[in-house]
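> Contents are compact mmCIF, C-alpha atoms; file name final.txt:
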# COMPACT_ATOMS: atom_id res chain seq x y z
CA MET A 1 6.68 -20.60 -32.55
CA LEU A 2 5.96 -21.65 -28.96
CA LYS A 3 9.60 -22.65 -28.49
CA ARG A 4 10.73 -19.21 -29.63
CA LYS A 5 8.32 -17.53 -27.26
CA LEU A 6 9.45 -19.70 -24.38
CA LEU A 7 13.08 -18.97 -25.17
CA PHE A 8 12.37 -15.25 -25.23
CA PHE A 9 10.53 -15.40 -21.91
CA ALA A 10 13.24 -17.57 -20.32
CA LEU A 11 15.81 -14.95 -21.36
CA PHE A 12 13.61 -12.25 -19.82
CA ILE A 13 13.34 -14.19 -16.53
CA PHE A 14 17.10 -14.68 -16.57
CA LEU A 15 17.62 -10.91 -16.89
CA VAL A 16 15.21 -10.15 -14.03
CA PHE A 17 16.93 -12.73 -11.82
CA GLY A 18 20.26 -11.12 -12.76
CA LEU A 19 18.92 -7.74 -11.61
CA LEU A 20 17.59 -9.27 -8.37
CA THR A 21 20.89 -11.03 -7.66
CA TYR A 22 22.84 -7.82 -8.30
CA GLN A 23 20.68 -5.95 -5.79
CA SER A 24 20.92 -8.81 -3.32
CA ILE A 25 24.75 -8.81 -3.49
CA ASN A 26 24.90 -5.01 -3.29
CA GLY A 27 22.59 -5.09 -0.28
CA LYS A 28 20.32 -2.31 -1.50
CA GLY A 29 17.52 -1.83 -3.98
CA THR A 30 17.57 0.29 -7.11
CA PHE A 31 14.83 2.88 -6.90
CA LEU A 32 13.59 4.93 -9.78
CA ASP A 33 12.29 8.21 -8.39
CA LEU A 34 11.53 9.87 -11.73
CA PRO A 35 8.51 7.71 -12.73
CA LEU A 36 7.11 8.22 -9.23
CA TYR A 37 6.71 11.99 -9.62
CA PRO A 38 3.46 11.73 -11.65
CA LEU A 39 2.18 9.23 -9.07
CA ARG A 40 2.89 11.58 -6.16
CA LEU A 41 1.27 14.47 -8.07
CA LEU A 42 -1.83 12.37 -8.78
CA GLU A 43 -2.00 11.20 -5.16
CA LYS A 44 -1.66 14.75 -3.82
CA GLY A 45 -4.26 16.04 -6.28
CA ALA A 46 -6.72 13.23 -5.61
CA SER A 47 -6.22 13.61 -1.87
CA GLY A 48 -7.05 17.33 -2.14
CA ILE A 49 -10.12 16.64 -4.30
CA ILE A 50 -11.41 14.04 -1.83
CA ALA A 51 -11.00 16.48 1.06
CA GLY A 52 -12.90 19.12 -0.95
CA VAL A 53 -15.71 16.72 -1.88
CA GLU A 54 -16.03 15.54 1.72
CA ASN A 55 -16.25 19.13 2.87
CA PHE A 56 -18.86 19.87 0.21
CA PHE A 57 -20.98 16.89 1.21
CA SER A 58 -20.75 17.65 4.90
CA THR A 59 -21.65 21.30 4.50
CA TYR A 60 -23.97 21.54 1.54
CA VAL A 61 -25.51 18.33 0.25
CA MET A 62 -26.63 17.27 3.72
CA ILE A 63 -28.90 20.28 3.94
CA THR A 64 -30.42 20.25 0.48
CA GLY A 65 -33.48 18.28 -0.56
CA LYS A 66 -35.80 19.99 1.89
CA GLU A 67 -39.36 20.56 0.88
CA GLU A 68 -40.09 23.67 -1.15
CA GLU A 69 -42.50 25.21 1.38
CA ASN A 70 -40.00 25.03 4.18
CA ARG A 71 -37.08 26.34 2.15
CA ASN A 72 -37.38 29.96 3.21
CA LEU A 73 -37.77 29.10 6.85
CA LEU A 74 -34.92 26.66 6.77
CA LYS A 75 -32.59 28.91 4.81
CA LYS A 76 -31.37 30.73 7.86
CA ILE A 77 -31.03 27.53 9.87
CA SER A 78 -29.15 25.80 7.08
CA THR A 79 -26.73 28.71 6.79
CA LEU A 80 -26.11 28.46 10.49
CA GLN A 81 -25.78 24.71 10.21
CA GLN A 82 -23.16 25.15 7.50
CA GLU A 83 -21.25 27.54 9.70
CA LEU A 84 -21.63 25.27 12.71
CA ASN A 85 -20.50 22.26 10.73
CA SER A 86 -17.51 24.13 9.37
CA CYS A 87 -16.70 25.30 12.89
CA ARG A 88 -16.92 21.74 14.17
CA GLU A 89 -14.59 20.50 11.43
CA ILE A 90 -12.17 23.32 12.21
CA GLU A 91 -12.45 22.59 15.93
CA ILE A 92 -11.68 18.89 15.40
CA GLU A 93 -8.78 19.74 13.11
CA ASN A 94 -7.52 22.34 15.58
CA GLN A 95 -7.70 19.82 18.39
CA ARG A 96 -5.69 17.30 16.38
CA LEU A 97 -3.11 19.90 15.37
CA ALA A 98 -2.96 21.31 18.91
CA ASN A 99 -2.23 17.81 20.22
CA ILE A 100 0.58 17.48 17.73
CA LEU A 101 1.90 21.01 18.18
CA GLY A 102 1.55 20.68 21.95
CA LEU A 103 4.42 18.25 21.74
CA LYS A 104 6.62 21.05 20.38
CA SER A 105 6.64 22.92 23.69
CA VAL A 106 7.59 19.86 25.73
CA ARG A 107 9.94 18.19 23.26
CA PRO A 108 13.00 20.02 21.92
CA ASP A 109 13.53 17.27 19.30
CA TYR A 110 10.35 18.32 17.45
CA ILE A 111 10.94 19.07 13.74
CA THR A 112 7.61 19.71 12.02
CA ALA A 113 4.00 18.60 11.57
CA ALA A 114 2.99 16.96 8.28
CA LYS A 115 -0.17 15.91 6.48
CA VAL A 116 -0.64 12.37 5.21
CA PHE A 117 -1.67 12.29 1.53
CA ALA A 118 -1.22 8.67 0.42
CA ARG A 119 -0.37 5.11 1.41
CA ASP A 120 1.57 2.34 -0.26
CA PRO A 121 -0.42 1.15 -3.28
CA THR A 122 0.36 -2.54 -2.62
CA ASN A 123 -0.31 -4.90 0.26
CA TRP A 124 3.36 -5.76 0.78
CA PHE A 125 4.46 -2.63 2.61
CA GLN A 126 2.78 -0.48 5.24
CA THR A 127 3.90 3.03 4.42
CA LEU A 128 2.45 6.54 4.49
CA TRP A 129 3.44 9.48 2.34
CA ILE A 130 3.59 12.91 4.00
CA ASN A 131 3.80 16.39 2.47
CA LYS A 132 7.13 17.33 4.06
CA GLY A 133 10.58 16.44 2.78
CA ARG A 134 14.26 17.30 2.76
CA LYS A 135 13.63 21.03 2.43
CA ASP A 136 11.64 20.96 5.69
CA GLY A 137 14.59 19.40 7.51
CA LEU A 138 13.53 15.76 7.37
CA THR A 139 16.16 13.04 7.24
CA LYS A 140 16.05 9.25 7.27
CA ASP A 141 15.08 7.49 10.53
CA MET A 142 13.33 10.47 12.09
CA VAL A 143 10.28 9.40 14.07
CA ALA A 144 6.64 10.12 13.18
CA ILE A 145 4.22 10.44 16.08
CA GLY A 146 0.43 10.75 15.95
CA ASP A 147 -2.16 11.89 18.51
CA TYR A 148 -2.05 8.63 20.43
CA GLY A 149 1.45 7.33 19.93
CA PRO A 150 4.31 6.50 17.54
CA VAL A 151 3.33 5.87 13.93
CA GLY A 152 6.63 4.90 12.33
CA ARG A 153 9.95 6.23 11.10
CA VAL A 154 11.02 8.15 8.02
CA ARG A 155 12.28 5.69 5.43
CA ARG A 156 12.50 7.63 2.16
CA VAL A 157 13.11 11.35 1.87
CA ASN A 158 12.54 13.34 -1.30
CA GLU A 159 12.70 17.12 -1.72
CA ASN A 160 9.03 17.80 -0.87
CA VAL A 161 7.61 14.47 0.30
CA SER A 162 8.69 11.60 2.55
CA GLY A 163 7.71 8.00 3.11
CA ILE A 164 6.99 6.78 6.64
CA LEU A 165 7.54 3.11 7.41
CA LEU A 166 4.72 2.24 9.79
CA ILE A 167 5.29 0.20 12.94
CA THR A 168 2.97 -2.44 11.42
CA ASP A 169 5.27 -3.03 8.42
CA VAL A 170 7.20 -6.32 8.38
CA ASN A 171 10.46 -4.32 8.12
CA SER A 172 9.74 -2.41 11.31
CA SER A 173 11.28 -3.29 14.68
CA VAL A 174 10.85 -1.15 17.80
CA ALA A 175 12.47 -1.71 21.19
CA VAL A 176 9.63 -1.76 23.71
CA ARG A 177 8.82 -2.72 27.30
CA LEU A 178 5.70 -3.89 29.07
CA GLN A 179 4.49 -1.04 31.26
CA SER A 180 3.69 -3.09 34.38
CA SER A 181 6.43 -5.74 34.44
CA ARG A 182 9.10 -3.56 32.70
CA VAL A 183 10.12 -6.58 30.63
CA GLU A 184 11.74 -5.64 27.33
CA GLY A 185 10.94 -7.05 23.92
CA ILE A 186 10.90 -6.20 20.24
CA LEU A 187 7.75 -5.00 18.51
CA GLU A 188 7.62 -6.22 14.92
CA GLY A 189 5.01 -5.45 12.27
CA ARG A 190 2.84 -8.21 10.83
CA GLY A 191 1.98 -6.54 7.54
CA ASP A 192 -1.64 -5.82 8.50
CA ASN A 193 -2.90 -3.44 11.20
CA THR A 194 -1.29 -5.29 14.11
CA CYS A 195 2.16 -6.18 15.45
CA TYR A 196 3.89 -9.04 17.25
CA LEU A 197 5.68 -8.56 20.55
CA LYS A 198 8.67 -10.88 20.27
CA TYR A 199 11.20 -12.46 22.63
CA ILE A 200 9.04 -12.44 25.76
CA SER A 201 9.86 -15.49 27.86
CA LYS A 202 7.08 -17.89 28.87
CA GLU A 203 7.77 -17.18 32.54
CA VAL A 204 6.66 -13.57 32.18
CA GLU A 205 2.98 -12.98 32.92
CA VAL A 206 1.44 -10.87 30.15
CA LYS A 207 -2.16 -9.70 30.42
CA VAL A 208 -4.48 -8.83 27.55
CA GLY A 209 -5.04 -5.07 27.50
CA GLU A 210 -1.69 -4.30 29.12
CA ASN A 211 0.10 -1.19 27.85
CA LEU A 212 3.29 -1.35 25.85
CA ILE A 213 5.73 1.58 25.83
CA THR A 214 8.86 2.36 23.83
CA SER A 215 12.10 1.69 25.69
CA GLY A 216 14.28 4.01 23.59
CA LEU A 217 17.00 1.34 23.40
CA ASP A 218 16.85 1.06 19.61
CA GLY A 219 18.31 4.56 19.26
CA ILE A 220 15.50 5.61 16.93
CA TYR A 221 12.25 5.91 18.88
CA PRO A 222 12.21 8.10 22.00
CA GLY A 223 11.50 6.23 25.24
CA GLU A 224 8.37 6.12 27.42
CA LEU A 225 5.82 6.59 24.64
CA LEU A 226 2.66 4.48 24.65
CA ILE A 227 2.88 2.41 21.45
CA GLY A 228 0.17 -0.23 21.83
CA HIS A 229 -1.92 -2.62 23.88
CA ILE A 230 -1.66 -6.39 24.17
CA SER A 231 -4.57 -7.92 22.22
CA SER A 232 -3.81 -11.65 22.56
CA VAL A 233 -1.32 -13.94 24.29
CA VAL A 234 -0.73 -17.54 23.20
CA GLN A 235 1.77 -19.99 24.65
CA LYS A 236 2.64 -22.75 22.20
CA GLU A 237 4.65 -25.77 23.24
CA GLU A 238 6.82 -25.71 20.13
CA GLU A 239 7.63 -22.00 20.52
CA MET A 240 10.45 -20.79 22.75
CA PHE A 241 8.75 -17.49 23.48
CA GLN A 242 5.15 -16.36 23.90
CA VAL A 243 3.20 -15.42 20.77
CA ILE A 244 1.86 -11.96 21.63
CA GLU A 245 -0.26 -9.79 19.36
CA VAL A 246 -0.32 -6.04 19.85
CA THR A 247 -2.82 -3.45 18.63
CA PRO A 248 -1.08 -0.09 18.00
CA ALA A 249 -2.22 2.77 20.24
CA GLN A 250 -2.64 4.92 17.15
CA TYR A 251 -5.18 3.62 14.63
CA LEU A 252 -3.00 3.76 11.55
CA HIS A 253 -5.63 3.36 8.85
CA SER A 254 -7.21 6.75 9.44
CA ILE A 255 -4.29 8.92 10.48
CA GLU A 256 -4.29 12.38 8.87
CA GLU A 257 -1.43 14.29 10.49
CA VAL A 258 1.83 13.35 12.15
CA ALA A 259 4.55 15.16 14.06
CA ILE A 260 8.16 14.47 13.11
CA PHE A 261 10.92 14.17 15.72
CA LYS A 262 14.70 13.84 15.55
CA ARG A 263 16.32 10.51 16.38
CA MET B 1 2.01 4.23 -28.69
CA LYS B 2 -1.16 6.19 -28.04
CA GLN B 3 -2.89 3.14 -26.59
CA PHE B 4 0.18 2.36 -24.52
CA SER B 5 0.17 5.89 -23.07
CA ILE B 6 -3.53 5.63 -22.25
CA TYR B 7 -3.05 2.31 -20.48
CA LEU B 8 -0.01 3.69 -18.64
CA LEU B 9 -2.15 6.58 -17.45
CA PHE B 10 -4.73 4.00 -16.31
CA ALA B 11 -1.97 2.22 -14.39
CA TYR B 12 -1.00 5.48 -12.65
CA LEU B 13 -4.66 6.11 -11.83
CA ALA B 14 -5.05 2.54 -10.55
CA LEU B 15 -2.07 2.99 -8.23
CA THR B 16 -3.49 6.33 -7.03
CA VAL B 17 -6.84 4.69 -6.29
CA GLN B 18 -5.08 1.89 -4.41
CA ALA B 19 -3.00 4.39 -2.42
CA ILE B 20 -5.86 6.69 -1.46
CA PHE B 21 -9.21 4.90 -1.45
CA PHE B 22 -8.21 1.56 0.07
CA GLN B 23 -7.10 1.91 3.66
CA GLY B 24 -6.87 -1.80 4.44
CA ILE B 25 -6.25 -4.60 1.96
CA LYS B 26 -6.12 -3.46 -1.68
CA PRO B 27 -6.85 -5.21 -4.98
CA ASP B 28 -4.09 -5.43 -7.60
CA LEU B 29 -5.74 -3.33 -10.31
CA VAL B 30 -2.49 -3.06 -12.25
CA LEU B 31 -2.38 -6.84 -12.70
CA VAL B 32 -5.87 -6.72 -14.23
CA LEU B 33 -4.76 -3.90 -16.54
CA VAL B 34 -1.65 -5.82 -17.61
CA CYS B 35 -3.75 -8.91 -18.40
CA PHE B 36 -6.28 -6.88 -20.40
CA TYR B 37 -3.53 -5.01 -22.25
CA ALA B 38 -1.83 -8.29 -23.19
CA LEU B 39 -5.14 -9.78 -24.35
CA ARG B 40 -5.85 -6.76 -26.48
CA PHE B 41 -2.46 -5.92 -27.97
CA GLY B 42 -0.47 -9.16 -27.86
CA GLN B 43 2.13 -11.03 -25.89
CA LEU B 44 5.25 -8.95 -26.49
CA GLU B 45 3.37 -5.70 -25.89
CA GLY B 46 1.85 -7.19 -22.72
CA ILE B 47 5.25 -8.22 -21.39
CA VAL B 48 6.65 -4.74 -22.06
CA PHE B 49 3.65 -3.11 -20.35
CA GLY B 50 3.93 -5.56 -17.44
CA THR B 51 7.64 -4.81 -17.08
CA ILE B 52 7.10 -1.04 -17.00
CA THR B 53 4.18 -1.14 -14.55
CA GLY B 54 6.01 -3.72 -12.42
CA MET B 55 9.01 -1.39 -12.31
CA LEU B 56 6.73 1.43 -11.21
CA ILE B 57 5.21 -0.65 -8.38
CA ASP B 58 8.63 -1.87 -7.23
CA SER B 59 9.95 1.71 -7.19
CA ALA B 60 6.91 2.86 -5.21
CA GLY B 61 7.51 0.03 -2.72
CA GLY B 62 11.10 1.13 -2.19
CA SER B 63 12.60 -2.29 -1.58
CA ILE B 64 14.12 -4.10 -4.57
CA LEU B 65 13.44 -3.81 -8.28
CA GLY B 66 12.20 -7.05 -9.82
CA PRO B 67 9.46 -8.92 -7.91
CA ASN B 68 6.57 -7.09 -9.55
CA ILE B 69 8.35 -6.93 -12.93
CA LEU B 70 8.48 -10.72 -12.86
CA GLY B 71 4.91 -11.12 -11.58
CA LYS B 72 3.31 -8.78 -14.09
CA ALA B 73 5.36 -9.92 -17.10
CA ALA B 74 4.62 -13.58 -16.25
CA ALA B 75 0.92 -12.73 -16.07
CA ALA B 76 1.06 -11.11 -19.53
CA PHE B 77 2.96 -14.08 -20.99
CA LEU B 78 0.68 -16.73 -19.49
CA ILE B 79 -2.66 -15.08 -20.20
CA THR B 80 -1.86 -14.64 -23.90
CA THR B 81 -0.52 -18.21 -24.16
CA LEU B 82 -3.72 -19.50 -22.56
CA LYS B 83 -5.91 -17.34 -24.80
CA GLU B 84 -4.25 -18.74 -27.92
CA ASN B 85 -4.95 -22.29 -26.75
CA LEU B 86 -8.53 -21.89 -25.59
CA PHE B 87 -11.56 -22.20 -27.88
CA GLN B 88 -13.59 -19.57 -26.16
CA TRP B 89 -13.00 -16.63 -23.91
CA ASN B 90 -15.70 -15.20 -21.69
CA ILE B 91 -16.04 -13.34 -18.43
CA TYR B 92 -15.99 -16.57 -16.36
CA ILE B 93 -12.81 -17.95 -17.91
CA ASN B 94 -11.25 -14.49 -17.78
CA THR B 95 -12.03 -14.13 -14.05
CA LEU B 96 -10.80 -17.63 -13.23
CA ILE B 97 -7.52 -17.11 -15.07
CA ILE B 98 -6.93 -13.70 -13.51
CA MET B 99 -7.58 -15.26 -10.11
CA LEU B 100 -4.93 -17.92 -10.82
CA LEU B 101 -2.50 -15.33 -12.18
CA SER B 102 -3.09 -13.23 -9.07
CA VAL B 103 -2.10 -16.26 -6.96
CA LEU B 104 1.02 -16.70 -9.10
CA ASP B 105 1.85 -12.98 -8.86
CA VAL B 106 1.62 -13.05 -5.04
CA PHE B 107 3.69 -16.24 -4.93
CA LEU B 108 6.43 -14.90 -7.26
CA THR B 109 6.61 -11.60 -5.38
CA TYR B 110 6.85 -13.44 -2.06
CA ILE B 111 9.61 -15.75 -3.35
CA CYS B 112 11.60 -12.82 -4.77
CA TYR B 113 11.45 -10.87 -1.50
CA GLU B 114 12.37 -13.95 0.54
CA PHE B 115 15.38 -14.85 -1.62
CA PHE B 116 16.71 -11.51 -2.81
CA SER B 117 15.97 -9.02 -0.03
CA LYS B 118 16.49 -8.88 3.70
CA ILE B 119 12.75 -8.69 4.25
CA SER B 120 10.80 -11.75 5.35
CA PHE B 121 7.06 -11.93 4.91
CA ALA B 122 6.87 -15.32 6.67
CA ASP B 123 4.87 -13.90 9.60
CA ARG B 124 2.45 -12.03 7.36
CA PRO B 125 -1.11 -13.42 7.74
CA LEU B 126 -2.22 -15.48 4.73
CA MET B 127 -5.59 -13.72 4.82
CA ILE B 128 -4.01 -10.57 3.37
CA SER B 129 -3.06 -12.40 0.17
CA VAL B 130 -6.34 -14.33 0.03
CA THR B 131 -8.38 -11.13 0.36
CA GLN B 132 -6.20 -9.36 -2.21
CA ILE B 133 -6.78 -12.20 -4.72
CA PHE B 134 -10.53 -12.07 -4.07
CA TYR B 135 -10.62 -8.27 -4.56
CA THR B 136 -8.49 -8.51 -7.73
CA SER B 137 -10.85 -11.14 -9.19
CA ALA B 138 -13.84 -8.93 -8.37
CA ALA B 139 -12.13 -5.94 -10.01
CA SER B 140 -11.45 -8.03 -13.13
CA VAL B 141 -15.20 -8.74 -13.46
CA ILE B 142 -16.04 -5.04 -13.28
CA LEU B 143 -13.25 -3.98 -15.65
CA TYR B 144 -14.13 -6.77 -18.12
CA VAL B 145 -17.50 -5.13 -18.72
CA PHE B 146 -15.82 -1.85 -19.70
CA LEU B 147 -12.68 -3.01 -21.50
CA LYS B 148 -13.98 -6.27 -23.07
CA PRO B 149 -10.53 -7.81 -23.61
CA GLY B 150 -11.89 -11.16 -24.84
CA GLN B 151 -13.12 -9.69 -28.13
CA TYR B 152 -9.67 -9.29 -29.65
CA ASN B 153 -7.92 -11.93 -31.73
CA LEU B 154 -4.28 -12.41 -30.86
CA MET B 155 -3.38 -14.67 -33.78
CA ALA B 156 -2.59 -11.68 -35.99
CA LYS B 157 0.10 -10.57 -33.56
CA ASP B 158 1.98 -13.88 -33.66
CA GLU B 159 4.22 -12.81 -36.53
CA ARG B 160 6.03 -10.46 -34.20
CA PHE B 161 7.89 -13.37 -32.59
Could you express the structure from this file as C-alpha cells?

Amino acid sequence: MLKRKLLFFALFIFLVFGLLTYQSINGKGTFLDLPLYPLRLLEKGASGIIAGVENFFSTYVMITGKEEENRNLLKKISTLQQELNSCREIEIENQRLANILGLKSVRPDYITAAKVFARDPTNWFQTLWINKGRKDGLTKDMVAIGDYGPVGRVRRVNENVSGILLITDVNSSVAVRLQSSRVEGILEGRGDNTCYLKYISKEVEVKVGENLITSGLDGIYPGELLIGHISSVVQKEEEMFQVIEVTPAQYLHSIEEVAIFKR
Amino acid sequence: MKQFSIYLLFAYLALTVQAIFFQGIKPDLVLVLVCFYALRFGQLEGIVFGTITGMLIDSAGGSILGPNILGKAAAAFLITTLKENLFQWNIYINTLIIMLLSVLDVFLTYICYEFFSKISFADRPLMISVTQIFYTSAASVILYVFLKPGQYNLMAKDERF
C-alpha cells in the first residue's frame, strides 16, 4: 500500500517538475487569471468593508458610551465632533490626493491616480494591487509614485486592476545615485521593507541618512526622484563592494494611493 | 464536493485575509487548511486540494506555476502518512508537524524559485521565513480548536489507493 502511494506521489512530483522545467525553458511563467477573479473581488469587497468599519469606529463608536445624564448636553458636541472628524478625514485624504494630483500639472507623463486595495498574499513577493487597469490606460512597466517617492512599477495589467511590483521586491532593480557624491548604483529589493544599494565601491564615502535619488538610466523610473535614505553601511573584507541598506522614502506598508506615470 | 467547495472558499478567504490584514510578514493559512483537509478527508483528496490551492497561490504570485503546488501537495501527503503511523494525534503533535511542514514548504518553494525561475531569494533575510513559520504554527493552534482535524480516522480512506 505504502509503495503504491509513494509511486503515485513520485509520479506527481515528476509532473510538477516537468511543468517547472517547461516554464524555465520557455522563460516565462504560466498564469491562470480566471481563478484569481474571485480573489480580487473578495479583496476589493473586504477592503471596502474595512474602510467603512474604520470610518464607523472613528465617527460613531468613539463618541458613544457617555453617561446617561450628560447625553443631551453632549449630543450637540458629538454631532459636531462627527462632522469635525469626517472633515479631518476628508482633509487628510484631500491632502494626499492633492499631493498626487499636484504632480499632474508639473509632469506631462502623468496617467492616473489609483487606490491600493490589496497586497500579495504570500511573503515571497512584494506587490500591491490597484483599482486601475488596461481600460484606464495602464501598461506594463509604468511607474507608481506615492506622496514621498517612487513605489514600484506596473508588473501585471488586467482590464480593471493592476499589480505593482514594489521597489522592495527581490525582482526589483532601480538605477539610482547618491545625492551628495553623485555616485551611481543599483537599488535592489530585499523582500522585506528595505532595499540594498549595490555596486558601490569601497572607496566611496557613504553616510548613514544620506539621500538616494533615481538616476533615470534604467529607462523605467524618471530621474531625480527621492527614493530612499541610507540606513546602514558595512564594509566586509570578503565583499568587493560596500553592503548598504536603504530605507525607502515612501513607507510602503501603509500606502493607500499612488500616481501612475509613463515610462 | 460540497466540503471541497467550502474548504476552497476558506482558502480564498485565507488569501484575502493575508492580502489585506497583514501588512508585514504573513502566516501561511492555506498550508494549515491543506493539512486539516488532508487529515479530515484523506491523502488523495488532500493532494488534490493542495494542488488546486497551490496553483491559486502561484497564479496570484505571478512568477512560475509549481513551487506552491509542490509545497502544499507534499504537506498533504506527509501529514496523512504521519497520521497513519502515529498512535495518537493531539494539538501538540499537530502543531509540531505543521511547523515542520511549514519549514519544508518554505524550503521547497525557495528551491523551485532558485532552480526554475530567474528570481533569486538568496539575499532575502532568513527572519522573514522564520517569522512566517512561527505565525503559521500559531494559526494552526487557533484553527485546530475550530476544525478539530485529529478526530477523523483516515484508515477508511486507504482503499482509494
> Report as JSON lines the residues of chain B within 7 Å of chain A, each with its shortest atom pair and distance in Å (one decimal), using all atoms listed in the file, ordered by chain and increasing residue number.

{"residue": "B:Tyr12", "atom": "CA", "partner": "A:Leu39", "partner_atom": "CA", "distance": 6.1}
{"residue": "B:Leu15", "atom": "CA", "partner": "A:Pro121", "partner_atom": "CA", "distance": 5.5}
{"residue": "B:Thr16", "atom": "CA", "partner": "A:Glu43", "partner_atom": "CA", "distance": 5.4}
{"residue": "B:Gln18", "atom": "CA", "partner": "A:Pro121", "partner_atom": "CA", "distance": 4.9}
{"residue": "B:Ala19", "atom": "CA", "partner": "A:Pro121", "partner_atom": "CA", "distance": 4.2}
{"residue": "B:Ile20", "atom": "CA", "partner": "A:Ala118", "partner_atom": "CA", "distance": 5.4}
{"residue": "B:Gln23", "atom": "CA", "partner": "A:His253", "partner_atom": "CA", "distance": 5.6}
{"residue": "B:Gly24", "atom": "CA", "partner": "A:His253", "partner_atom": "CA", "distance": 6.9}
{"residue": "B:Ile25", "atom": "CA", "partner": "A:Asn123", "partner_atom": "CA", "distance": 6.2}
{"residue": "B:Lys26", "atom": "CA", "partner": "A:Asn123", "partner_atom": "CA", "distance": 6.3}
{"residue": "B:Leu56", "atom": "CA", "partner": "A:Pro35", "partner_atom": "CA", "distance": 6.7}
{"residue": "B:Ser59", "atom": "CA", "partner": "A:Phe31", "partner_atom": "CA", "distance": 5.0}
{"residue": "B:Ala60", "atom": "CA", "partner": "A:Leu36", "partner_atom": "CA", "distance": 6.7}
{"residue": "B:Gly61", "atom": "CA", "partner": "A:Phe125", "partner_atom": "CA", "distance": 6.7}
{"residue": "B:Gly62", "atom": "CA", "partner": "A:Phe31", "partner_atom": "CA", "distance": 6.3}
{"residue": "B:Ser63", "atom": "CA", "partner": "A:Gly29", "partner_atom": "CA", "distance": 5.5}
{"residue": "B:Ile64", "atom": "CA", "partner": "A:Gly29", "partner_atom": "CA", "distance": 4.1}
{"residue": "B:Leu65", "atom": "CA", "partner": "A:Thr30", "partner_atom": "CA", "distance": 5.9}
{"residue": "B:Gly66", "atom": "CA", "partner": "A:Leu20", "partner_atom": "CA", "distance": 6.0}
{"residue": "B:Leu70", "atom": "CA", "partner": "A:Val16", "partner_atom": "CA", "distance": 6.9}
{"residue": "B:Phe116", "atom": "CA", "partner": "A:Ser24", "partner_atom": "CA", "distance": 5.0}
{"residue": "B:Ser117", "atom": "CA", "partner": "A:Ser24", "partner_atom": "CA", "distance": 5.9}
{"residue": "B:Ile119", "atom": "CA", "partner": "A:Asn171", "partner_atom": "CA", "distance": 6.3}
{"residue": "B:Phe121", "atom": "CA", "partner": "A:Val170", "partner_atom": "CA", "distance": 6.6}
{"residue": "B:Asp123", "atom": "CA", "partner": "A:Arg190", "partner_atom": "CA", "distance": 6.2}
{"residue": "B:Arg124", "atom": "CA", "partner": "A:Arg190", "partner_atom": "CA", "distance": 5.2}
{"residue": "B:Phe161", "atom": "CA", "partner": "A:Lys5", "partner_atom": "CA", "distance": 6.8}
> At what distance in Å, to one decimal, does CA of Tyr113 in chain B lie from CA of Arg153 in chain A?
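Those two atoms sit 21.3 Å apart.
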> Let me make sure I understand: among A:Lys115, A:Leu226, A:Ser181, A:Met142, which one has the smallest atom-to-atom distance to Leu165 in chain A if we use only C-alpha atoms?
A:Met142
> How far is it from CA of Asp28 in chain B to CA of Gly48 in chain A, in Å with one decimal?
23.6 Å
> Tell me, in Å to one decimal, how far CA of Ile227 in chain A is from CA of Thr214 in chain A.
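It comes out at 6.4 Å.
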> Can you pull out every residue within 10 Å of Tyr37 in chain B, counting all atoms listed in the file, but drop anything in the same chain fewer than 4 positions away, and send it as a VMD selection string?
chain B and resid 3 to 4 7 31 to 33 41 to 43 45 to 47 49 to 50 76 80 147 149
> Pick the closest to Thr95 in chain B from B:Leu9, B:Met1, B:Ile79, B:Ile128: which is it, counting all atoms listed in the file?
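Of B:Leu9, B:Met1, B:Ile79, B:Ile128, the one nearest Thr95 in chain B, counting all atoms listed in the file, is B:Ile79.
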> Which residues come within 9 Å of Tyr144 in chain B, counting all atoms listed in the file, excluding same-chain residues fewer than 6 positions away, as a PyMOL selection string?
chain B and resi 36+91+94-95+150
